[in-house]
>>> print(open('data.cif').read())   # mmCIF, C-alpha atoms
data_final
loop_
_atom_site.group_PDB
_atom_site.id
_atom_site.type_symbol
_atom_site.label_atom_id
_atom_site.label_comp_id
_atom_site.auth_asym_id
_atom_site.auth_seq_id
_atom_site.Cartn_x
_atom_site.Cartn_y
_atom_site.Cartn_z
ATOM 1 C CA MET A 1 122.266 107.785 229.216
ATOM 2 C CA HIS A 2 122.568 111.518 228.626
ATOM 3 C CA ARG A 3 123.657 111.022 225.013
ATOM 4 C CA TYR A 4 120.690 108.798 224.299
ATOM 5 C CA LYS A 5 118.305 111.458 225.575
ATOM 6 C CA ASN A 6 119.864 114.068 223.266
ATOM 7 C CA VAL A 7 119.489 111.767 220.257
ATOM 8 C CA ASN A 8 115.797 111.276 221.045
ATOM 9 C CA SER A 9 115.351 115.017 221.396
ATOM 10 C CA LEU A 10 117.063 115.567 218.063
ATOM 11 C CA LEU A 11 114.868 112.959 216.363
ATOM 12 C CA PHE A 12 111.774 114.606 217.867
ATOM 13 C CA ILE A 13 112.857 118.006 216.516
ATOM 14 C CA ILE A 14 113.464 116.529 213.054
ATOM 15 C CA LYS A 15 110.080 114.779 213.122
ATOM 16 C CA MET A 16 108.275 117.967 214.171
ATOM 17 C CA THR A 17 110.072 119.987 211.506
ATOM 18 C CA ASN A 18 109.039 117.445 208.893
ATOM 19 C CA GLU A 19 105.385 117.569 210.016
ATOM 20 C CA GLU A 20 105.421 121.368 210.089
ATOM 21 C CA ASN A 21 107.004 121.425 206.642
ATOM 22 C CA LEU A 22 104.317 119.108 205.240
ATOM 23 C CA LYS A 23 101.589 121.222 206.832
ATOM 24 C CA GLU A 24 103.070 124.411 205.377
ATOM 25 C CA ILE A 25 103.270 122.876 201.892
ATOM 26 C CA ILE A 26 99.651 121.725 202.058
ATOM 27 C CA GLU A 27 98.476 125.137 203.323
ATOM 28 C CA GLN A 28 100.043 126.807 200.287
ATOM 29 C CA GLY A 29 97.696 124.835 198.059
ATOM 30 C CA LYS A 30 97.677 122.160 195.422
ATOM 31 C CA TRP A 31 98.063 124.335 192.325
ATOM 32 C CA ASN A 32 100.758 126.508 193.889
ATOM 33 C CA TYR A 33 102.752 123.351 194.666
ATOM 34 C CA ILE A 34 102.194 121.758 191.252
ATOM 35 C CA LEU A 35 103.082 124.896 189.306
ATOM 36 C CA THR A 36 106.134 125.871 191.356
ATOM 37 C CA ARG A 37 107.682 122.531 192.279
ATOM 38 C CA GLY A 38 106.449 120.539 189.313
ATOM 39 C CA VAL A 39 106.343 122.827 186.295
ATOM 40 C CA LEU A 40 108.800 125.549 187.291
ATOM 41 C CA TYR A 41 111.448 123.603 189.210
ATOM 42 C CA PHE A 42 111.286 120.124 187.661
ATOM 43 C CA GLY A 43 110.037 121.063 184.198
ATOM 44 C CA GLY A 44 112.227 124.156 183.989
ATOM 45 C CA PHE A 45 115.325 122.299 185.079
ATOM 46 C CA MET A 46 114.704 119.460 182.641
ATOM 47 C CA PHE A 47 113.982 121.918 179.822
ATOM 48 C CA LEU A 48 117.299 123.697 180.349
ATOM 49 C CA PHE A 49 119.163 120.425 180.843
ATOM 50 C CA MET A 50 117.798 118.881 177.629
ATOM 51 C CA ILE A 51 118.506 122.004 175.567
ATOM 52 C CA PHE A 52 122.059 122.035 176.966
ATOM 53 C CA PHE A 53 122.403 118.288 176.374
ATOM 54 C CA GLN A 54 121.165 118.586 172.792
ATOM 55 C CA LYS A 55 123.433 121.527 172.021
ATOM 56 C CA PHE A 56 126.686 120.543 173.701
ATOM 57 C CA ILE A 57 126.624 116.742 174.008
ATOM 58 C CA PHE A 58 124.971 115.819 170.719
ATOM 59 C CA GLU A 59 126.318 118.979 169.070
ATOM 60 C CA GLU A 60 123.043 119.574 167.255
ATOM 61 C CA LYS A 61 121.812 122.915 166.041
ATOM 62 C CA ILE A 62 118.865 124.119 168.083
ATOM 63 C CA ASP A 63 116.078 125.958 166.304
ATOM 64 C CA ASN A 64 112.793 127.434 167.512
ATOM 65 C CA SER A 65 110.867 124.196 166.964
ATOM 66 C CA ASP A 66 113.276 122.345 169.305
ATOM 67 C CA ILE A 67 112.789 124.971 171.987
ATOM 68 C CA ILE A 68 108.990 124.953 171.662
ATOM 69 C CA PHE A 69 108.856 121.148 171.599
ATOM 70 C CA ASN A 70 111.044 120.810 174.709
ATOM 71 C CA PHE A 71 109.120 123.559 176.491
ATOM 72 C CA ILE A 72 105.776 121.804 175.909
ATOM 73 C CA ILE A 73 107.072 118.332 176.753
ATOM 74 C CA TRP A 74 108.779 119.396 179.976
ATOM 75 C CA ALA A 75 105.857 121.579 181.071
ATOM 76 C CA ILE A 76 103.548 118.557 180.724
ATOM 77 C CA ALA A 77 106.099 116.322 182.474
ATOM 78 C CA GLY A 78 106.318 118.934 185.256
ATOM 79 C CA LEU A 79 102.535 118.862 185.678
ATOM 80 C CA ILE A 80 102.586 115.078 185.954
ATOM 81 C CA PHE A 81 105.516 115.179 188.389
ATOM 82 C CA GLY A 82 103.766 117.861 190.449
ATOM 83 C CA PHE A 83 100.506 115.883 190.677
ATOM 84 C CA TRP A 84 102.395 112.733 191.614
ATOM 85 C CA THR A 85 104.480 114.357 194.343
ATOM 86 C CA TRP A 86 101.423 116.267 195.644
ATOM 87 C CA SER A 87 99.539 112.998 196.121
ATOM 88 C CA ASN A 88 102.558 111.491 197.924
ATOM 89 C CA ILE A 89 102.792 114.495 200.246
ATOM 90 C CA ASN A 90 99.107 114.209 201.118
ATOM 91 C CA LYS A 91 99.495 110.495 201.858
ATOM 92 C CA LYS A 92 102.453 111.187 204.155
ATOM 93 C CA PHE A 93 100.591 113.983 205.942
ATOM 94 C CA LYS A 94 97.498 111.819 206.508
ATOM 95 C CA GLU A 95 99.670 108.996 207.852
ATOM 96 C CA LYS A 96 101.377 111.401 210.258
ATOM 97 C CA LEU A 97 97.993 112.656 211.474
ATOM 98 C CA LYS A 98 96.923 109.083 212.269
ATOM 99 C CA ASN A 99 100.028 108.497 214.405
#
>>> encode(input="data.cif", output="structure tokens")
Amino acid sequence: MHRYKNVNSLLFIIKMTNEENLKEIIEQGKWNYILTRGVLYFGGFMFLFMIFFQKFIFEEKIDNSDIIFNFIIWAIAGLIFGFWTWSNINKKFKEKLKN
């Protein structure tokens, strides 16, 4: 019985941490989230990955037009990813508020 109580307490702590985390993300703002998590993290990672992939896997020469093209494409993809994940976070937060 004692073990079961500890598991419930642990699940409660995890649930509260998740709710607090969602609230903190939303308080930071939509554009902050989209630009940091979408454009910077996702878009930046994909930009570096694709340049690396093009250079070392396909063994192609990379020129300035490749860099500019990849930068623009992955910045736009990061914006889309950021908007999409922002809407999902808001849905989750609203569902948690209802419960």
>>> closest_residue(input="data.cif", among="A:Asn90, A:Asn70, A:Thr36, A:Asn21", to="Ile51 (chain A)", atoms="only C-alpha atoms")
A:Asn70
>>> residues_near_point(input="data.cif", point="(101.9, 113.1, 200.8)", cutoff="12 Å", atoms="only C-alpha atoms", output="list in words")
Asn18, Glu19, Asn21, Leu22, Lys23, Ile25, Ile26, Lys30, Tyr33, Gly82, Phe83, Trp84, Thr85, Trp86, Ser87, Asn88, Ile89, Asn90, Lys91, Lys92, Phe93, Lys94, Glu95, Lys96 and Leu97 of chain A
>>> closest_residue(input="data.cif", among="A:Trp74, A:Glu24, A:Glu59, A:Phe81", to="Phe45 (chain A)", atoms="all atoms listed in the file")
A:Trp74
>>> atom_distance(input="data.cif", atom1="CA of Met50 (chain A)", atom2="CA of Phe71 (chain A)")
9.9 Å
>>> atom_distance(input="data.cif", atom1="CA of Asn32 (chain A)", atom2="CA of Leu79 (chain A)")
11.4 Å
>>> closest_residue(input="data.cif", among="A:Lys55, A:Gly44, A:Leu35, A:Glu20", to="Ile72 (chain A)", atoms="all atoms listed in the file")
A:Gly44
>>> atom_distance(input="data.cif", atom1="CA of Ala77 (chain A)", atom2="CA of Phe42 (chain A)")
8.3 Å
>>> decode(input="data.cif", residues="region 39-86 of chain A", atoms="N, CA and C atoms", output="JSON list (two decimals), in the first residue's frame")
[["chain", "number", "residue", "atom", "x", "y", "z"],
["A", 39, "VAL", "N", 12.28, 28.59, -35.12],
["A", 39, "VAL", "CA", 13.28, 29.05, -36.08],
["A", 39, "VAL", "C", 14.70, 28.72, -35.61],
["A", 40, "LEU", "N", 15.03, 29.10, -34.39],
["A", 40, "LEU", "CA", 16.40, 28.91, -33.91],
["A", 40, "LEU", "C", 16.75, 27.44, -33.69],
["A", 41, "TYR", "N", 15.95, 26.74, -32.87],
["A", 41, "TYR", "CA", 16.29, 25.36, -32.54],
["A", 41, "TYR", "C", 16.02, 24.41, -33.71],
["A", 42, "PHE", "N", 14.77, 24.36, -34.17],
["A", 42, "PHE", "CA", 14.43, 23.43, -35.25],
["A", 42, "PHE", "C", 15.07, 23.84, -36.57],
["A", 43, "GLY", "N", 14.82, 25.09, -36.98],
["A", 43, "GLY", "CA", 15.35, 25.56, -38.26],
["A", 43, "GLY", "C", 16.87, 25.59, -38.28],
["A", 44, "GLY", "N", 17.47, 26.04, -37.18],
["A", 44, "GLY", "CA", 18.93, 26.08, -37.09],
["A", 44, "GLY", "C", 19.55, 24.70, -37.14],
["A", 45, "PHE", "N", 18.95, 23.77, -36.40],
["A", 45, "PHE", "CA", 19.47, 22.40, -36.42],
["A", 45, "PHE", "C", 19.36, 21.80, -37.81],
["A", 46, "MET", "N", 18.21, 21.96, -38.44],
["A", 46, "MET", "CA", 18.01, 21.38, -39.77],
["A", 46, "MET", "C", 18.92, 22.04, -40.80],
["A", 47, "PHE", "N", 19.14, 23.34, -40.67],
["A", 47, "PHE", "CA", 20.06, 24.04, -41.57],
["A", 47, "PHE", "C", 21.45, 23.43, -41.48],
["A", 48, "LEU", "N", 21.97, 23.31, -40.27],
["A", 48, "LEU", "CA", 23.30, 22.73, -40.08],
["A", 48, "LEU", "C", 23.35, 21.28, -40.53],
["A", 49, "PHE", "N", 22.31, 20.52, -40.21],
["A", 49, "PHE", "CA", 22.27, 19.11, -40.60],
["A", 49, "PHE", "C", 22.29, 18.96, -42.12],
["A", 50, "MET", "N", 21.49, 19.76, -42.82],
["A", 50, "MET", "CA", 21.41, 19.63, -44.28],
["A", 50, "MET", "C", 22.70, 20.09, -44.96],
["A", 51, "ILE", "N", 23.33, 21.13, -44.43],
["A", 51, "ILE", "CA", 24.62, 21.56, -44.99],
["A", 51, "ILE", "C", 25.65, 20.45, -44.78],
["A", 52, "PHE", "N", 25.69, 19.88, -43.58],
["A", 52, "PHE", "CA", 26.59, 18.77, -43.29],
["A", 52, "PHE", "C", 26.29, 17.58, -44.20],
["A", 53, "PHE", "N", 25.01, 17.25, -44.33],
["A", 53, "PHE", "CA", 24.58, 16.12, -45.15],
["A", 53, "PHE", "C", 25.01, 16.32, -46.61],
["A", 54, "GLN", "N", 24.78, 17.52, -47.11],
["A", 54, "GLN", "CA", 25.13, 17.84, -48.50],
["A", 54, "GLN", "C", 26.64, 17.76, -48.72],
["A", 55, "LYS", "N", 27.39, 18.24, -47.76],
["A", 55, "LYS", "CA", 28.85, 18.29, -47.90],
["A", 55, "LYS", "C", 29.49, 16.91, -47.74],
["A", 56, "PHE", "N", 29.13, 16.20, -46.68],
["A", 56, "PHE", "CA", 29.86, 14.99, -46.34],
["A", 56, "PHE", "C", 29.21, 13.70, -46.83],
["A", 57, "ILE", "N", 27.91, 13.65, -46.97],
["A", 57, "ILE", "CA", 27.24, 12.44, -47.44],
["A", 57, "ILE", "C", 27.18, 12.42, -48.97],
["A", 58, "PHE", "N", 26.69, 13.53, -49.54],
["A", 58, "PHE", "CA", 26.61, 13.60, -51.00],
["A", 58, "PHE", "C", 27.91, 14.07, -51.63],
["A", 59, "GLU", "N", 28.83, 14.53, -50.80],
["A", 59, "GLU", "CA", 30.14, 15.02, -51.24],
["A", 59, "GLU", "C", 30.02, 16.08, -52.33],
["A", 60, "GLU", "N", 29.09, 17.00, -52.13],
["A", 60, "GLU", "CA", 28.90, 18.10, -53.06],
["A", 60, "GLU", "C", 29.63, 19.33, -52.56],
["A", 61, "LYS", "N", 30.04, 20.16, -53.49],
["A", 61, "LYS", "CA", 30.64, 21.44, -53.12],
["A", 61, "LYS", "C", 29.53, 22.40, -52.72],
["A", 62, "ILE", "N", 29.74, 23.09, -51.62],
["A", 62, "ILE", "CA", 28.74, 24.02, -51.12],
["A", 62, "ILE", "C", 29.19, 25.44, -51.44],
["A", 63, "ASP", "N", 28.32, 26.17, -52.12],
["A", 63, "ASP", "CA", 28.63, 27.57, -52.41],
["A", 63, "ASP", "C", 27.65, 28.47, -51.66],
["A", 64, "ASN", "N", 27.78, 29.77, -51.84],
["A", 64, "ASN", "CA", 26.95, 30.73, -51.12],
["A", 64, "ASN", "C", 25.46, 30.56, -51.42],
["A", 65, "SER", "N", 25.13, 30.21, -52.66],
["A", 65, "SER", "CA", 23.71, 30.05, -53.00],
["A", 65, "SER", "C", 23.10, 28.87, -52.25],
["A", 66, "ASP", "N", 23.86, 27.80, -52.02],
["A", 66, "ASP", "CA", 23.37, 26.67, -51.24],
["A", 66, "ASP", "C", 23.10, 27.08, -49.79],
["A", 67, "ILE", "N", 24.00, 27.85, -49.24],
["A", 67, "ILE", "CA", 23.85, 28.30, -47.86],
["A", 67, "ILE", "C", 22.64, 29.21, -47.73],
["A", 68, "ILE", "N", 22.50, 30.17, -48.63],
["A", 68, "ILE", "CA", 21.36, 31.10, -48.58],
["A", 68, "ILE", "C", 20.05, 30.35, -48.78],
["A", 69, "PHE", "N", 20.01, 29.45, -49.76],
["A", 69, "PHE", "CA", 18.81, 28.67, -50.03],
["A", 69, "PHE", "C", 18.41, 27.86, -48.79],
["A", 70, "ASN", "N", 19.35, 27.12, -48.22],
["A", 70, "ASN", "CA", 19.04, 26.31, -47.03],
["A", 70, "ASN", "C", 18.63, 27.18, -45.85],
["A", 71, "PHE", "N", 19.28, 28.33, -45.69],
["A", 71, "PHE", "CA", 18.93, 29.23, -44.60],
["A", 71, "PHE", "C", 17.47, 29.68, -44.72],
["A", 72, "ILE", "N", 17.07, 30.10, -45.92],
["A", 72, "ILE", "CA", 15.70, 30.58, -46.13],
["A", 72, "ILE", "C", 14.69, 29.45, -45.95],
["A", 73, "ILE", "N", 14.96, 28.32, -46.56],
["A", 73, "ILE", "CA", 14.04, 27.18, -46.46],
["A", 73, "ILE", "C", 13.84, 26.74, -45.02],
["A", 74, "TRP", "N", 14.94, 26.60, -44.27],
["A", 74, "TRP", "CA", 14.82, 26.09, -42.90],
["A", 74, "TRP", "C", 14.32, 27.15, -41.93],
["A", 75, "ALA", "N", 14.50, 28.42, -42.24],
["A", 75, "ALA", "CA", 13.89, 29.47, -41.42],
["A", 75, "ALA", "C", 12.37, 29.44, -41.59],
["A", 76, "ILE", "N", 11.90, 29.29, -42.83],
["A", 76, "ILE", "CA", 10.46, 29.19, -43.09],
["A", 76, "ILE", "C", 9.90, 27.92, -42.46],
["A", 77, "ALA", "N", 10.61, 26.80, -42.62],
["A", 77, "ALA", "CA", 10.16, 25.55, -41.99],
["A", 77, "ALA", "C", 10.12, 25.69, -40.47],
["A", 78, "GLY", "N", 11.07, 26.40, -39.89],
["A", 78, "GLY", "CA", 11.08, 26.65, -38.45],
["A", 78, "GLY", "C", 9.89, 27.47, -38.00],
["A", 79, "LEU", "N", 9.51, 28.47, -38.81],
["A", 79, "LEU", "CA", 8.31, 29.26, -38.50],
["A", 79, "LEU", "C", 7.07, 28.38, -38.50],
["A", 80, "ILE", "N", 6.95, 27.55, -39.51],
["A", 80, "ILE", "CA", 5.79, 26.65, -39.60],
["A", 80, "ILE", "C", 5.78, 25.68, -38.43],
["A", 81, "PHE", "N", 6.94, 25.10, -38.12],
["A", 81, "PHE", "CA", 7.04, 24.17, -36.99],
["A", 81, "PHE", "C", 6.70, 24.89, -35.68],
["A", 82, "GLY", "N", 7.19, 26.11, -35.51],
["A", 82, "GLY", "CA", 6.91, 26.87, -34.31],
["A", 82, "GLY", "C", 5.43, 27.18, -34.14],
["A", 83, "PHE", "N", 4.76, 27.62, -35.22],
["A", 83, "PHE", "CA", 3.32, 27.87, -35.16],
["A", 83, "PHE", "C", 2.56, 26.60, -34.82],
["A", 84, "TRP", "N", 2.94, 25.49, -35.45],
["A", 84, "TRP", "CA", 2.24, 24.24, -35.22],
["A", 84, "TRP", "C", 2.39, 23.76, -33.78],
["A", 85, "THR", "N", 3.62, 23.79, -33.26],
["A", 85, "THR", "CA", 3.81, 23.34, -31.88],
["A", 85, "THR", "C", 3.19, 24.31, -30.88],
["A", 86, "TRP", "N", 3.18, 25.61, -31.21],
["A", 86, "TRP", "CA", 2.54, 26.60, -30.32],
["A", 86, "TRP", "C", 1.04, 26.30, -30.21]]
